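Asker: Sharing coords36.txt (compact mmCIF, C-alpha atoms and all ligand atoms) below.
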```
# COMPACT_ATOMS: atom_id res chain seq x y z
CA MET A 1 0.00 0.00 0.00
CA LYS A 2 1.27 3.49 -0.84
CA THR A 3 2.37 5.36 2.31
CA SER A 4 0.68 8.72 2.69
CA VAL A 5 2.86 11.79 2.56
CA TYR A 6 1.67 12.73 6.04
CA SER A 7 2.71 9.36 7.48
CA TYR A 8 6.04 9.70 5.74
CA ILE A 9 6.66 13.12 7.34
CA SER A 10 5.27 12.31 10.78
CA ASN A 11 7.06 8.95 11.04
CA ALA A 12 10.33 10.66 10.17
CA ALA A 13 9.63 13.39 12.75
CA LEU A 14 8.85 10.80 15.43
CA ALA A 15 12.06 8.94 14.64
CA GLY A 16 14.10 12.17 14.70
CA ARG A 17 14.99 11.70 11.02
CA LYS A 18 15.26 15.17 9.51
CA LEU A 19 13.85 15.79 6.03
CA VAL A 20 14.81 18.26 3.34
CA ALA A 21 12.23 19.75 0.98
CA LEU A 22 13.39 21.35 -2.25
CA LEU A 23 11.09 24.23 -3.21
CA VAL A 24 10.55 24.54 -6.94
CA ASP A 25 8.98 27.72 -8.26
CA PRO A 26 7.30 27.11 -11.66
CA ASP A 27 8.24 30.67 -12.62
CA SER A 28 11.94 29.85 -12.49
CA PHE A 29 11.61 26.24 -13.62
CA ASP A 30 14.24 25.20 -16.12
CA ASP A 31 13.34 21.74 -17.48
CA ASP A 32 16.87 20.32 -17.56
CA ILE A 33 18.56 22.00 -14.61
CA THR A 34 15.70 21.83 -12.12
CA THR A 35 14.71 18.28 -13.03
CA ARG A 36 18.27 17.02 -12.74
CA MET A 37 18.77 18.89 -9.47
CA SER A 38 15.49 17.53 -8.07
CA ALA A 39 16.25 13.95 -9.06
CA GLU A 40 19.87 13.96 -7.87
CA SER A 41 19.61 16.21 -4.84
CA GLY A 42 18.92 13.51 -2.30
CA ALA A 43 16.03 15.68 -1.03
CA ASP A 44 13.13 13.88 0.63
CA LEU A 45 10.29 15.99 -0.72
CA ILE A 46 9.64 18.49 -3.47
CA PHE A 47 7.43 21.47 -2.71
CA VAL A 48 6.03 23.24 -5.78
CA GLY A 49 4.34 26.62 -5.88
CA GLY A 50 4.82 30.33 -5.47
CA SER A 51 3.13 33.42 -4.06
CA LEU A 52 2.97 34.76 -7.59
CA LEU A 53 2.79 32.59 -10.68
CA SER A 54 3.43 35.10 -13.40
CA GLY A 55 4.51 32.96 -16.33
CA GLY A 56 5.23 29.49 -14.94
CA ASP A 57 3.02 26.52 -15.64
CA LEU A 58 2.27 24.59 -12.44
CA GLU A 59 0.76 21.55 -14.15
CA ARG A 60 3.60 21.19 -16.61
CA THR A 61 6.19 21.59 -13.83
CA ILE A 62 4.53 18.92 -11.70
CA SER A 63 4.13 16.57 -14.63
CA ILE A 64 7.85 16.77 -15.48
CA LEU A 65 8.89 16.39 -11.83
CA LYS A 66 6.63 13.35 -11.41
CA LYS A 67 8.16 11.77 -14.49
CA PHE A 68 11.78 12.10 -13.36
CA CYS A 69 11.67 12.08 -9.53
CA SER A 70 10.51 9.33 -7.22
CA ILE A 71 10.11 11.48 -4.08
CA PRO A 72 6.71 12.96 -3.10
CA VAL A 73 5.68 16.15 -4.88
CA VAL A 74 3.70 18.45 -2.60
CA ILE A 75 1.93 21.62 -3.74
CA PHE A 76 2.82 24.65 -1.61
CA PRO A 77 0.08 26.90 -3.00
CA GLY A 78 0.36 30.65 -3.22
CA SER A 79 -3.30 30.84 -4.15
CA ILE A 80 -6.35 28.62 -4.61
CA SER A 81 -5.71 28.38 -8.33
CA GLN A 82 -2.66 26.23 -7.59
CA ILE A 83 -4.33 22.81 -7.48
CA CYS A 84 -3.08 19.99 -9.69
CA PRO A 85 -4.23 16.36 -9.24
CA GLU A 86 -0.97 14.95 -10.56
CA ALA A 87 0.91 15.94 -7.37
CA ASP A 88 0.93 13.64 -4.36
CA ALA A 89 -0.36 16.08 -1.76
CA ILE A 90 -1.11 19.72 -1.07
CA LEU A 91 -0.41 21.90 1.96
CA ASN A 92 -3.80 23.32 2.92
CA LEU A 93 -2.32 26.43 4.49
CA CYS A 94 -4.10 28.33 7.22
CA LEU A 95 -2.17 31.59 7.76
CA ILE A 96 -2.41 31.59 11.55
CA SER A 97 0.21 34.31 12.08
CA GLY A 98 -2.04 36.79 10.24
CA ARG A 99 -5.48 38.24 10.84
CA ASN A 100 -6.73 38.26 7.27
CA PRO A 101 -9.93 36.16 7.19
CA GLU A 102 -9.37 35.34 3.51
CA PHE A 103 -6.26 33.33 4.39
CA LEU A 104 -7.70 31.91 7.60
CA ILE A 105 -10.89 30.47 6.03
CA GLY A 106 -12.20 32.50 3.05
CA GLN A 107 -10.03 31.01 0.30
CA HIS A 108 -10.41 27.52 1.77
CA VAL A 109 -14.19 27.69 1.41
CA ILE A 110 -13.87 28.64 -2.25
CA ALA A 111 -11.25 25.96 -2.92
CA ALA A 112 -13.00 23.13 -1.02
CA PRO A 113 -14.93 21.55 -3.94
CA ALA A 114 -11.93 21.65 -6.28
CA LEU A 115 -9.66 20.27 -3.57
CA LYS A 116 -12.05 17.42 -2.84
CA ALA A 117 -12.43 16.60 -6.54
CA SER A 118 -8.65 16.64 -7.06
CA GLY A 119 -8.16 13.50 -4.99
CA LEU A 120 -4.99 15.05 -3.58
CA GLU A 121 -3.89 14.13 -0.07
CA ILE A 122 -4.70 17.21 2.00
CA LEU A 123 -2.14 18.31 4.59
CA PRO A 124 -3.83 20.84 6.95
CA THR A 125 -0.95 23.13 7.91
CA GLY A 126 -0.69 26.09 10.27
CA TYR A 127 1.38 28.59 8.30
CA MET A 128 3.29 31.20 10.29
CA LEU A 129 5.10 34.03 8.53
CA ILE A 130 7.94 35.32 10.70
CA GLU A 131 9.50 38.76 10.25
CA SER A 132 12.82 38.24 8.48
CA GLY A 133 14.49 41.58 7.81
CA ARG A 134 12.41 42.84 4.90
CA GLN A 135 8.91 42.56 3.56
CA THR A 136 8.43 39.32 1.66
CA THR A 137 6.10 38.57 -1.24
CA ALA A 138 4.03 36.23 0.95
CA SER A 139 3.44 38.92 3.57
CA TYR A 140 2.62 41.57 0.95
CA ILE A 141 0.28 39.35 -1.08
CA SER A 142 -1.52 38.02 2.00
CA GLY A 143 -1.87 41.53 3.43
CA THR A 144 -0.69 40.28 6.82
CA THR A 145 1.91 41.41 9.31
CA PRO A 146 4.46 38.70 10.00
CA LEU A 147 5.01 37.56 13.55
CA PRO A 148 7.82 39.60 15.21
CA HIS A 149 11.19 37.88 14.91
CA ASP A 150 11.98 38.03 18.64
CA LYS A 151 8.57 37.19 20.10
CA ASP A 152 9.08 33.52 20.83
CA ASP A 153 6.11 33.37 23.18
CA ILE A 154 3.69 34.66 20.54
CA ALA A 155 5.05 32.07 18.10
CA MET A 156 4.64 29.33 20.70
CA CYS A 157 1.03 30.30 21.51
CA THR A 158 0.17 30.66 17.83
CA ALA A 159 1.54 27.21 17.00
CA MET A 160 -0.20 25.67 20.03
CA ALA A 161 -3.50 27.24 18.98
CA GLY A 162 -3.03 25.86 15.47
CA GLU A 163 -2.43 22.38 16.79
CA MET A 164 -5.45 22.63 19.09
CA LEU A 165 -7.57 23.60 16.09
CA GLY A 166 -6.59 20.31 14.46
CA LEU A 167 -3.89 21.51 12.06
CA ARG A 168 -1.54 18.59 11.48
CA MET A 169 1.72 20.43 10.76
CA ILE A 170 3.21 23.83 11.57
CA TYR A 171 5.25 25.68 8.94
CA MET A 172 7.37 28.60 10.22
CA ASP A 173 8.48 30.63 7.23
CA GLY A 174 10.68 33.72 6.99
CA GLY A 175 9.40 33.95 3.42
CA SER A 176 11.14 33.45 0.12
CA GLY A 177 14.56 35.13 0.08
CA ALA A 178 14.37 36.07 3.77
CA LEU A 179 17.37 38.09 4.96
CA ASN A 180 17.29 36.35 8.35
CA THR A 181 16.17 32.81 9.04
CA VAL A 182 13.73 32.01 11.86
CA SER A 183 15.72 32.14 15.11
CA ASP A 184 16.91 29.00 16.88
CA SER A 185 15.22 30.07 20.10
CA MET A 186 11.84 30.50 18.39
CA ILE A 187 12.11 27.13 16.63
CA HIS A 188 13.14 25.47 19.87
CA LYS A 189 10.26 27.01 21.81
CA VAL A 190 7.64 26.06 19.25
CA LYS A 191 9.00 22.52 18.90
CA LYS A 192 8.87 22.06 22.67
CA HIS A 193 5.18 22.96 22.82
CA VAL A 194 3.64 21.19 19.83
CA SER A 195 3.72 17.55 18.86
CA VAL A 196 2.91 17.86 15.16
CA PRO A 197 5.75 17.96 12.57
CA LEU A 198 7.50 21.31 12.30
CA ILE A 199 8.56 22.70 8.91
CA VAL A 200 10.96 25.66 8.77
CA GLY A 201 11.99 27.67 5.70
CA GLY A 202 13.06 31.03 4.37
CA GLY A 203 16.60 32.26 3.79
CA ILE A 204 18.48 28.98 4.38
CA ARG A 205 21.56 29.38 2.21
CA ASP A 206 24.29 27.13 3.62
CA VAL A 207 24.96 23.81 5.30
CA ALA A 208 25.78 25.29 8.72
CA THR A 209 22.46 27.19 8.90
CA ALA A 210 20.50 24.14 7.75
CA LEU A 211 22.12 22.02 10.47
CA LYS A 212 21.50 24.70 13.10
CA ILE A 213 17.80 24.91 12.22
CA CYS A 214 17.39 21.14 12.37
CA LYS A 215 19.20 21.00 15.68
CA ALA A 216 16.92 23.74 17.04
CA GLY A 217 13.93 21.48 16.34
CA ALA A 218 12.82 21.65 12.71
CA ASP A 219 11.64 18.30 11.36
CA VAL A 220 11.60 19.46 7.74
CA ILE A 221 13.65 22.30 6.25
CA VAL A 222 12.69 24.00 2.98
CA ILE A 223 15.31 25.29 0.54
CA GLY A 224 14.21 27.45 -2.39
CA ASN A 225 16.25 30.37 -3.71
CA ALA A 226 19.66 29.13 -2.61
CA ALA A 227 19.19 25.85 -4.49
CA GLN A 228 18.29 27.72 -7.66
CA ASP A 229 21.35 29.96 -7.28
CA ASP A 230 23.75 27.07 -6.64
CA THR A 231 22.50 23.73 -7.91
CA SER A 232 25.13 21.75 -5.98
CA LEU A 233 24.09 23.24 -2.61
CA ILE A 234 20.97 21.13 -2.02
CA LYS A 235 23.05 17.95 -2.39
CA LYS A 236 25.52 19.18 0.25
CA ILE A 237 22.69 20.17 2.60
CA THR A 238 20.82 16.87 2.27
CA LYS A 239 24.04 14.91 2.85
CA ALA A 240 24.74 16.86 6.04
CA ILE A 241 21.15 16.70 7.31
CA HIS A 242 20.88 12.97 6.65
CA SER A 243 24.05 12.42 8.69
CA ILE A 244 22.44 13.83 11.85
CA PRO A 245 22.01 10.90 14.27
CA GLN A 246 18.34 10.08 14.84
CA LEU A 247 16.46 10.69 18.09
CA GLN A 248 18.94 13.14 19.50
C1 LIG B 301 9.74 30.20 1.12
O1 LIG B 301 10.31 28.67 2.88
C2 LIG B 301 10.45 28.95 1.53
O2 LIG B 301 8.38 30.14 1.38
C3 LIG B 301 11.87 28.92 1.05
O3 LIG B 301 12.52 30.14 1.17
O4 LIG B 301 13.50 30.56 -1.07
O5 LIG B 301 14.42 31.69 0.94
O6 LIG B 301 14.79 29.26 0.59
P1 LIG B 301 13.89 30.44 0.37
```
Starting from the file, lay out its structure as structure tokens.
Ligand code: 1GP

Answerer:
Amino acid sequence: MKTSVYSYISNAALAGRKLVALLVDPDSFDDDITTRMSAESGADLIFVGGSLLSGGDLERTISILKKFCSIPVVIFPGSISQICPEADAILNLCLISGRNPEFLIGQHVIAAPALKASGLEILPTGYMLIESGRQTTASYISGTTPLPHDKDDIAMCTAMAGEMLGLRMIYMDGGSGALNTVSDSMIHKVKKHVSVPLIVGGGIRDVATALKICKAGADVIVIGNAAQDDTSLIKKITKAIHSIPQLQ
């Protein structure tokens, strides 16, 4: 029987086995380079999507990735139009760091029939944008204020509330191209107070930072821009992350 993407992530989190997700933006998708990087990166998951899809073709990107990569392809949607049945799963993001009702429930209501019909595995995820040194596309497009970078208690309470509402993962994101990554102390605090898998992304550009974020408590780290800028980087990061002893 095919293992669900959620079981795959949560079993790894329970075992202390850290996962790396490569974020592919259809807007900067280069058939040869991105496909080769995705297939050879050693990453555990591929996230596909973007806050803005200006020219990229989501369906075509997913179709090519599915053809050449054996790891799960998960849609990380920037909007409700980003639904494609060929992927394995979709993050159903509830933007719990913000107070914009559209991203807390409005868009989900509109997308519900299409999501159901897609047959995709739905991953209900509490999405927390964390202030990261400059305004990011995600914060601008969602019209929300990110959670302050140094307010670990607010992050902890927000994540706890998300878990108590039934969300099955928490994603702390500095946003694409973040100047500063989410702090170790905030990751550590959130991890200590929730039991669902914790995803962390935004601004991870080197092996040392990736290791630090995993050691602080992330179960899954997401690498986007840096992998596009240096196609060999994701391989180095996955090698280092997969060498972390389990259950430490
Ligand atoms: C953005 O978490 C992702 O939503 C990845 O960010 O592109 O900065 O790696 P980067």

Asker: Taking only C-alpha atoms and all ligand atoms and a cut-off of 7 Å, can you tell me which residues surround ligand LIG 301 (chain B), written as a VMD selection string?

Answerer: chain A and resid 23 173 to 178 200 to 205 222 to 226

Asker: Identify, on the basis of only C-alpha atoms, every residue whose closest approach to Ala161 of chain A does not exceed 10 Å; exclude the query and any residue fewer than 6 positions from it along the same chain; express the result as a list of chain:residue names.

Answerer: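 Neighbouring residues, sequence-local ones excluded: A:Ile96, A:Gly126, A:Ala155, A:Leu167, A:Val194.
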
Asker: Using all atoms listed in the file, can you tell me which of A:Pro26, A:Pro124, A:Gly56, A:Gly16 comes closest to Ser243 of chain A?

Answerer: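 So, comparing all the options, the nearest one is A:Gly16.
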
Asker: List the neighbours of Asp150 of chain A out to 9 Å using all atoms listed in the file; skip same-chain residues closer than 3 positions along the sequence, and give me the result as a list in words.

Answerer: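 Here the qualifying residues turn out to be Glu131, Leu147, Asp153, Ser183, Ser185 and Met186 of chain A.
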
Asker: I'd like the contact shell of Asp32 of chain A - 12 Å cut-off, all atoms listed in the file, skipping same-chain residues fewer than 2 positions apart - returned as number ranges by chain.

Answerer: A: 28-30, 34-40, 61, 64-65, 68, 231

Asker: Show which residues sit within 10 Å of segment 108-112 of chain A, as number ranges by chain. Count only C-alpha atoms, and ignore same-chain residues fewer than 2 positions away.

Answerer: A: 79-83, 92-94, 102-106, 114-118

Asker: Would you mind completing segment 19-34 of chain A so that it carries N, CA and C atoms, and writing it out as an mmCIF file, in the coordinates of the input?

Answerer:
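Okay, this is what ended up in selection13.cif:
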```cif
data_model
loop_
_atom_site.group_PDB
_atom_site.id
_atom_site.type_symbol
_atom_site.label_atom_id
_atom_site.label_comp_id
_atom_site.auth_asym_id
_atom_site.auth_seq_id
_atom_site.Cartn_x
_atom_site.Cartn_y
_atom_site.Cartn_z
ATOM 1 N N LEU A 19 14.126 15.828 7.468
ATOM 2 C CA LEU A 19 13.850 15.790 6.030
ATOM 3 C C LEU A 19 14.174 17.132 5.382
ATOM 4 N N VAL A 20 14.533 17.052 4.114
ATOM 5 C CA VAL A 20 14.810 18.260 3.340
ATOM 6 C C VAL A 20 13.796 18.349 2.194
ATOM 7 N N ALA A 21 13.144 19.510 2.097
ATOM 8 C CA ALA A 21 12.230 19.750 0.980
ATOM 9 C C ALA A 21 12.847 20.774 0.042
ATOM 10 N N LEU A 22 12.902 20.421 -1.228
ATOM 11 C CA LEU A 22 13.390 21.350 -2.250
ATOM 12 C C LEU A 22 12.182 22.099 -2.795
ATOM 13 N N LEU A 23 12.220 23.430 -2.713
ATOM 14 C CA LEU A 23 11.090 24.230 -3.210
ATOM 15 C C LEU A 23 11.344 24.633 -4.664
ATOM 16 N N VAL A 24 10.437 24.213 -5.517
ATOM 17 C CA VAL A 24 10.550 24.540 -6.940
ATOM 18 C C VAL A 24 9.464 25.552 -7.297
ATOM 19 N N ASP A 25 9.913 26.681 -7.845
ATOM 20 C CA ASP A 25 8.980 27.720 -8.260
ATOM 21 C C ASP A 25 8.758 27.581 -9.770
ATOM 22 N N PRO A 26 7.538 27.291 -10.212
ATOM 23 C CA PRO A 26 7.300 27.110 -11.660
ATOM 24 C C PRO A 26 7.760 28.301 -12.489
ATOM 25 N N ASP A 27 7.794 29.480 -11.878
ATOM 26 C CA ASP A 27 8.240 30.670 -12.620
ATOM 27 C C ASP A 27 9.725 30.616 -12.975
ATOM 28 N N SER A 28 10.510 29.915 -12.153
ATOM 29 C CA SER A 28 11.940 29.850 -12.490
ATOM 30 C C SER A 28 12.331 28.405 -12.810
ATOM 31 N N PHE A 29 11.359 27.656 -13.312
ATOM 32 C CA PHE A 29 11.610 26.240 -13.620
ATOM 33 C C PHE A 29 12.318 26.105 -14.956
ATOM 34 N N ASP A 30 13.505 25.495 -14.890
ATOM 35 C CA ASP A 30 14.240 25.200 -16.120
ATOM 36 C C ASP A 30 14.183 23.673 -16.259
ATOM 37 N N ASP A 31 13.587 23.191 -17.328
ATOM 38 C CA ASP A 31 13.340 21.740 -17.480
ATOM 39 C C ASP A 31 14.560 20.892 -17.115
ATOM 40 N N ASP A 32 15.699 21.189 -17.742
ATOM 41 C CA ASP A 32 16.870 20.320 -17.560
ATOM 42 C C ASP A 32 17.494 20.490 -16.187
ATOM 43 N N ILE A 33 17.828 21.762 -15.862
ATOM 44 C CA ILE A 33 18.560 22.000 -14.610
ATOM 45 C C ILE A 33 17.733 21.601 -13.397
ATOM 46 N N THR A 34 16.490 22.087 -13.328
ATOM 47 C CA THR A 34 15.700 21.830 -12.120
ATOM 48 C C THR A 34 15.359 20.350 -11.993
#
```
